[in-house]
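Here is the structure we will look at, set down as structure tokens.
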Amino acid sequence: MNHSGAVDATDARILLALDEEPRATAVALTERLGLSRNTVQARWSRLERDGALGPFARRVDPAALGYPLTAFVTMRVDQLRLTEVGAALGDIPEVVEVYGLSGDIDLLARVVAADADDLYRIAGRLHAVPGVERSSTSLAMNQLVPHRLTPLLERAAEGTGRRRG
């Protein structure tokens, strides 16, 4: 993700409208937001190019693909092999996200699985990655707050931006 440009109030209004109606056309957005078609199209393209508007696949529920279990795996890795470990984790389809962390744990991976046996198989693949020294797996029991950005988009659309303190 590039994120070279900050999202301003107009960008946030476009993103909110797309969040509410993901299939909206540029013409529909111009009518809804009272903006010119060129403005909407140019900003939409820039938001996609800069990574502010992510890929469609992020909206797909893994359970719909046969992966109803979610687990979070923390890993300690050989620091000299961090890039290699990241690439190897990216080759495992059930690893849907990996974050590098500060502190005692080096990586946090979100993993999806079909069932407990499948999670066991996937954990074996994670442990087999050269450079992974130690890991711990926690099964997600319930999602208490789903991924959301709407409150932040609403704040940005109002022009109030980030809150500090």
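Every chain in the structure tokens has a letter given in the order shown (A, B, ...), and although residue numbers restart at 1 in each chain, ligands are simply numbered from 1 in the order shown.
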Tell me which protein, DNA and RNA residues are within 7 Å of stretch 59-67 of chain A, counting only C-alpha atoms, leaving out same-chain ones fewer than 4 positions away, and put them as JSON, numbers by chain.
-> {"A": [112, 113, 114]}
Mind writing the picked residues with N, CA, C and O atoms as a compact mmCIF listing (two decimals), in the first residue's frame?
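Printed below is part-v9.txt as written:
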# COMPACT_ATOMS: atom_id res chain seq x y z
N VAL A 112 -7.10 -18.81 8.76
CA VAL A 112 -8.44 -19.38 8.70
C VAL A 112 -8.32 -20.87 8.43
O VAL A 112 -7.36 -21.32 7.80
N ALA A 113 -9.31 -21.63 8.94
CA ALA A 113 -9.26 -23.09 8.80
C ALA A 113 -10.67 -23.65 8.67
O ALA A 113 -11.64 -23.03 9.12
N ALA A 114 -10.75 -24.83 8.09
CA ALA A 114 -12.04 -25.49 7.91
C ALA A 114 -12.54 -26.08 9.22
O ALA A 114 -13.74 -26.05 9.51
Residues at most 7 Å from A:Gly131, counting only C-alpha atoms, excluding those fewer than 3 positions away in the same chain, as a ChimeraX atom specification?
-> /A:77-78,81,85
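Between A:Phe72 and the candidates A:Thr160, A:Ala88, A:Leu119, A:Leu47, the tightest atom-to-atom separation, counting only C-alpha atoms, involves A:Leu119.
Separating atom CA of A:Val40 from atom CA of A:Ala157 is a distance of 14.6 Å.
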Excluding A:Arg134 and any residue of its chain fewer than 5 positions from it, enumerate the residues within 8 Å of it, using only C-alpha atoms, and give them as a ChimeraX atom specification.
-> /A:75-77,127
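Residues in contact with A:Leu153 at 8 Å, where only C-alpha atoms are counted and same-chain residues fewer than 5 positions away are skipped, are listed as A:Ala12, A:Arg13, A:Leu15, A:Leu16.
Take the candidates A:Asp115, A:Asp106, A:Glu97, A:Glu154 and check each one against A:Ala17 using only C-alpha atoms; the shortest distance goes to A:Glu154.
Residue nearest A:Arg58 within the list A:His147, A:Arg43, A:Arg23, A:Arg121: A:His147 [criterion: smallest interatomic distance, only C-alpha atoms].
Here the DSSP assignment of alpha helix (DSSP H), based on backbone atoms, applies within stretch 39-94 of chain A to Thr39, Val40, Gln41, Ala42, Arg43, Trp44, Ser45, Arg46, Leu47, Glu48, Arg49, Leu82, Thr83, Glu84, Val85, Gly86, Ala87, Ala88, Leu89 and Gly90 of chain A.
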Saved selection, atoms kept: N, CA, C and O atoms, as a short mmCIF file (atom, residue, chain, number, x, y, z; two decimals), in the first residue's frame:
data_model
loop_
_atom_site.label_atom_id
_atom_site.label_comp_id
_atom_site.auth_asym_id
_atom_site.auth_seq_id
_atom_site.Cartn_x
_atom_site.Cartn_y
_atom_site.Cartn_z
N THR A 39 -14.42 14.80 -10.96
CA THR A 39 -13.88 14.82 -9.59
C THR A 39 -14.00 13.45 -8.96
O THR A 39 -13.04 12.92 -8.39
N VAL A 40 -15.19 12.85 -9.06
CA VAL A 40 -15.40 11.53 -8.47
C VAL A 40 -14.48 10.51 -9.10
O VAL A 40 -13.81 9.73 -8.41
N GLN A 41 -14.42 10.47 -10.43
CA GLN A 41 -13.61 9.48 -11.13
C GLN A 41 -12.13 9.63 -10.81
O GLN A 41 -11.44 8.65 -10.54
N ALA A 42 -11.64 10.86 -10.81
CA ALA A 42 -10.21 11.10 -10.53
C ALA A 42 -9.86 10.71 -9.09
O ALA A 42 -8.84 10.06 -8.85
N ARG A 43 -10.72 11.08 -8.17
CA ARG A 43 -10.44 10.75 -6.77
C ARG A 43 -10.55 9.26 -6.52
O ARG A 43 -9.74 8.68 -5.80
N TRP A 44 -11.56 8.63 -7.11
CA TRP A 44 -11.74 7.18 -6.97
C TRP A 44 -10.49 6.46 -7.48
O TRP A 44 -9.96 5.56 -6.83
N SER A 45 -10.02 6.86 -8.65
CA SER A 45 -8.82 6.24 -9.23
C SER A 45 -7.61 6.44 -8.33
O SER A 45 -6.81 5.52 -8.11
N ARG A 46 -7.46 7.65 -7.79
CA ARG A 46 -6.33 7.93 -6.90
C ARG A 46 -6.42 7.11 -5.61
O ARG A 46 -5.42 6.57 -5.13
N LEU A 47 -7.62 6.99 -5.05
CA LEU A 47 -7.81 6.21 -3.83
C LEU A 47 -7.43 4.75 -4.05
O LEU A 47 -6.80 4.12 -3.19
N GLU A 48 -7.79 4.20 -5.21
CA GLU A 48 -7.40 2.83 -5.54
C GLU A 48 -5.89 2.73 -5.74
O GLU A 48 -5.24 1.83 -5.19
N ARG A 49 -5.33 3.65 -6.51
CA ARG A 49 -3.90 3.62 -6.81
C ARG A 49 -3.05 3.76 -5.54
O ARG A 49 -2.04 3.08 -5.37
N LEU A 82 13.67 -12.74 8.66
CA LEU A 82 12.34 -12.16 8.74
C LEU A 82 11.68 -12.02 7.36
O LEU A 82 10.52 -12.40 7.18
N THR A 83 12.40 -11.53 6.40
CA THR A 83 11.85 -11.37 5.05
C THR A 83 11.50 -12.72 4.44
O THR A 83 10.43 -12.89 3.85
N GLU A 84 12.38 -13.70 4.63
CA GLU A 84 12.16 -15.06 4.12
C GLU A 84 10.93 -15.69 4.79
O GLU A 84 10.11 -16.34 4.13
N VAL A 85 10.80 -15.49 6.09
CA VAL A 85 9.64 -16.03 6.81
C VAL A 85 8.36 -15.39 6.29
O VAL A 85 7.37 -16.08 6.03
N GLY A 86 8.37 -14.08 6.14
CA GLY A 86 7.19 -13.39 5.61
C GLY A 86 6.78 -13.91 4.24
O GLY A 86 5.60 -14.14 3.99
N ALA A 87 7.75 -14.13 3.37
CA ALA A 87 7.45 -14.65 2.04
C ALA A 87 6.88 -16.06 2.12
O ALA A 87 5.92 -16.40 1.42
N ALA A 88 7.44 -16.89 3.00
CA ALA A 88 6.96 -18.27 3.14
C ALA A 88 5.54 -18.29 3.70
O ALA A 88 4.70 -19.09 3.26
N LEU A 89 5.24 -17.42 4.65
CA LEU A 89 3.89 -17.35 5.19
C LEU A 89 2.90 -16.91 4.12
O LEU A 89 1.76 -17.37 4.08
N GLY A 90 3.34 -16.02 3.24
CA GLY A 90 2.50 -15.56 2.14
C GLY A 90 2.18 -16.66 1.14
O GLY A 90 1.24 -16.53 0.36
#
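Going from atom CA of A:Thr74 over to atom CA of A:Ser135, you cover 5.4 Å.
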For the structure I just gave you, how does DSSP split stretch 32-133 of chain A - specifically, which residues are strand (DSSP E)? Reply as a PDB file with N, CA, C and O atoms, in the first residue's frame.
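The resulting file, out_35.pdb, is reproduced below:
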ATOM      1  N   LEU A  69     -13.293 -21.231  10.878  1.00  0.00           N
ATOM      2  CA  LEU A  69     -12.454 -20.986  12.051  1.00  0.00           C
ATOM      3  C   LEU A  69     -11.423 -19.904  11.760  1.00  0.00           C
ATOM      4  O   LEU A  69     -10.801 -19.902  10.699  1.00  0.00           O
ATOM      5  N   THR A  70     -11.237 -19.023  12.728  1.00  0.00           N
ATOM      6  CA  THR A  70     -10.186 -18.018  12.655  1.00  0.00           C
ATOM      7  C   THR A  70      -9.284 -18.207  13.858  1.00  0.00           C
ATOM      8  O   THR A  70      -9.766 -18.385  14.987  1.00  0.00           O
ATOM      9  N   ALA A  71      -7.993 -18.168  13.619  1.00  0.00           N
ATOM     10  CA  ALA A  71      -7.016 -18.266  14.705  1.00  0.00           C
ATOM     11  C   ALA A  71      -5.978 -17.171  14.512  1.00  0.00           C
ATOM     12  O   ALA A  71      -5.741 -16.708  13.388  1.00  0.00           O
ATOM     13  N   PHE A  72      -5.392 -16.776  15.622  1.00  0.00           N
ATOM     14  CA  PHE A  72      -4.306 -15.805  15.591  1.00  0.00           C
ATOM     15  C   PHE A  72      -3.061 -16.511  16.094  1.00  0.00           C
ATOM     16  O   PHE A  72      -3.076 -17.145  17.158  1.00  0.00           O
ATOM     17  N   VAL A  73      -1.998 -16.418  15.316  1.00  0.00           N
ATOM     18  CA  VAL A  73      -0.753 -17.103  15.645  1.00  0.00           C
ATOM     19  C   VAL A  73       0.328 -16.050  15.845  1.00  0.00           C
ATOM     20  O   VAL A  73       0.582 -15.240  14.953  1.00  0.00           O
ATOM     21  N   THR A  74       0.904 -16.066  17.043  1.00  0.00           N
ATOM     22  CA  THR A  74       2.051 -15.191  17.295  1.00  0.00           C
ATOM     23  C   THR A  74       3.310 -16.017  17.097  1.00  0.00           C
ATOM     24  O   THR A  74       3.342 -17.206  17.417  1.00  0.00           O
ATOM     25  N   MET A  75       4.332 -15.365  16.534  1.00  0.00           N
ATOM     26  CA  MET A  75       5.564 -16.080  16.221  1.00  0.00           C
ATOM     27  C   MET A  75       6.789 -15.276  16.604  1.00  0.00           C
ATOM     28  O   MET A  75       6.803 -14.055  16.436  1.00  0.00           O
ATOM     29  N   ARG A  76       7.778 -15.999  17.095  1.00  0.00           N
ATOM     30  CA  ARG A  76       9.124 -15.464  17.224  1.00  0.00           C
ATOM     31  C   ARG A  76       9.916 -16.043  16.077  1.00  0.00           C
ATOM     32  O   ARG A  76       9.826 -17.239  15.798  1.00  0.00           O
ATOM     33  N   VAL A  77      10.681 -15.181  15.438  1.00  0.00           N
ATOM     34  CA  VAL A  77      11.440 -15.651  14.279  1.00  0.00           C
ATOM     35  C   VAL A  77      12.889 -15.187  14.374  1.00  0.00           C
ATOM     36  O   VAL A  77      13.207 -14.221  15.064  1.00  0.00           O
ATOM     37  N   VAL A  95      -3.176 -18.424   5.468  1.00  0.00           N
ATOM     38  CA  VAL A  95      -2.640 -17.265   6.190  1.00  0.00           C
ATOM     39  C   VAL A  95      -3.178 -16.035   5.454  1.00  0.00           C
ATOM     40  O   VAL A  95      -2.763 -15.739   4.342  1.00  0.00           O
ATOM     41  N   VAL A  96      -4.124 -15.333   6.075  1.00  0.00           N
ATOM     42  CA  VAL A  96      -4.795 -14.236   5.384  1.00  0.00           C
ATOM     43  C   VAL A  96      -4.223 -12.862   5.716  1.00  0.00           C
ATOM     44  O   VAL A  96      -4.462 -11.902   4.981  1.00  0.00           O
ATOM     45  N   GLU A  97      -3.473 -12.758   6.791  1.00  0.00           N
ATOM     46  CA  GLU A  97      -2.814 -11.501   7.161  1.00  0.00           C
ATOM     47  C   GLU A  97      -1.614 -11.815   8.029  1.00  0.00           C
ATOM     48  O   GLU A  97      -1.644 -12.764   8.805  1.00  0.00           O
ATOM     49  N   VAL A  98      -0.573 -10.996   7.912  1.00  0.00           N
ATOM     50  CA  VAL A  98       0.588 -11.102   8.790  1.00  0.00           C
ATOM     51  C   VAL A  98       1.051  -9.686   9.113  1.00  0.00           C
ATOM     52  O   VAL A  98       1.191  -8.848   8.223  1.00  0.00           O
ATOM     53  N   TYR A  99       1.266  -9.444  10.387  1.00  0.00           N
ATOM     54  CA  TYR A  99       1.768  -8.158  10.849  1.00  0.00           C
ATOM     55  C   TYR A  99       3.098  -8.349  11.551  1.00  0.00           C
ATOM     56  O   TYR A  99       3.262  -9.289  12.332  1.00  0.00           O
ATOM     57  N   GLY A 100       4.034  -7.448  11.304  1.00  0.00           N
ATOM     58  CA  GLY A 100       5.265  -7.391  12.075  1.00  0.00           C
ATOM     59  C   GLY A 100       4.987  -6.567  13.323  1.00  0.00           C
ATOM     60  O   GLY A 100       4.345  -5.528  13.244  1.00  0.00           O
ATOM     61  N   LEU A 107       5.861 -11.601  14.933  1.00  0.00           N
ATOM     62  CA  LEU A 107       4.815 -11.617  13.914  1.00  0.00           C
ATOM     63  C   LEU A 107       3.482 -12.040  14.505  1.00  0.00           C
ATOM     64  O   LEU A 107       3.430 -12.866  15.422  1.00  0.00           O
ATOM     65  N   LEU A 108       2.418 -11.491  13.942  1.00  0.00           N
ATOM     66  CA  LEU A 108       1.061 -11.915  14.259  1.00  0.00           C
ATOM     67  C   LEU A 108       0.406 -12.282  12.939  1.00  0.00           C
ATOM     68  O   LEU A 108       0.340 -11.463  12.024  1.00  0.00           O
ATOM     69  N   ALA A 109      -0.052 -13.529  12.844  1.00  0.00           N
ATOM     70  CA  ALA A 109      -0.710 -14.000  11.625  1.00  0.00           C
ATOM     71  C   ALA A 109      -2.162 -14.330  11.930  1.00  0.00           C
ATOM     72  O   ALA A 109      -2.467 -14.950  12.956  1.00  0.00           O
ATOM     73  N   ARG A 110      -3.038 -13.899  11.043  1.00  0.00           N
ATOM     74  CA  ARG A 110      -4.437 -14.326  11.125  1.00  0.00           C
ATOM     75  C   ARG A 110      -4.575 -15.474  10.147  1.00  0.00           C
ATOM     76  O   ARG A 110      -4.217 -15.365   8.974  1.00  0.00           O
ATOM     77  N   VAL A 111      -5.088 -16.585  10.648  1.00  0.00           N
ATOM     78  CA  VAL A 111      -5.190 -17.823   9.882  1.00  0.00           C
ATOM     79  C   VAL A 111      -6.639 -18.271   9.887  1.00  0.00           C
ATOM     80  O   VAL A 111      -7.329 -18.139  10.894  1.00  0.00           O
ATOM     81  N   VAL A 112      -7.103 -18.805   8.764  1.00  0.00           N
ATOM     82  CA  VAL A 112      -8.445 -19.380   8.700  1.00  0.00           C
ATOM     83  C   VAL A 112      -8.319 -20.874   8.431  1.00  0.00           C
ATOM     84  O   VAL A 112      -7.364 -21.322   7.803  1.00  0.00           O
ATOM     85  N   ALA A 113      -9.312 -21.630   8.943  1.00  0.00           N
ATOM     86  CA  ALA A 113      -9.258 -23.086   8.798  1.00  0.00           C
ATOM     87  C   ALA A 113     -10.667 -23.647   8.671  1.00  0.00           C
ATOM     88  O   ALA A 113     -11.640 -23.034   9.124  1.00  0.00           O
ATOM     89  N   VAL A 132      11.163 -19.773  11.735  1.00  0.00           N
ATOM     90  CA  VAL A 132      10.168 -19.682  12.811  1.00  0.00           C
ATOM     91  C   VAL A 132      10.727 -20.441  14.000  1.00  0.00           C
ATOM     92  O   VAL A 132      10.967 -21.644  13.927  1.00  0.00           O
ATOM     93  N   GLU A 133      10.959 -19.736  15.088  1.00  0.00           N
ATOM     94  CA  GLU A 133      11.561 -20.346  16.267  1.00  0.00           C
ATOM     95  C   GLU A 133      10.515 -20.837  17.261  1.00  0.00           C
ATOM     96  O   GLU A 133      10.715 -21.842  17.920  1.00  0.00           O
TER      97      GLU A 133
END
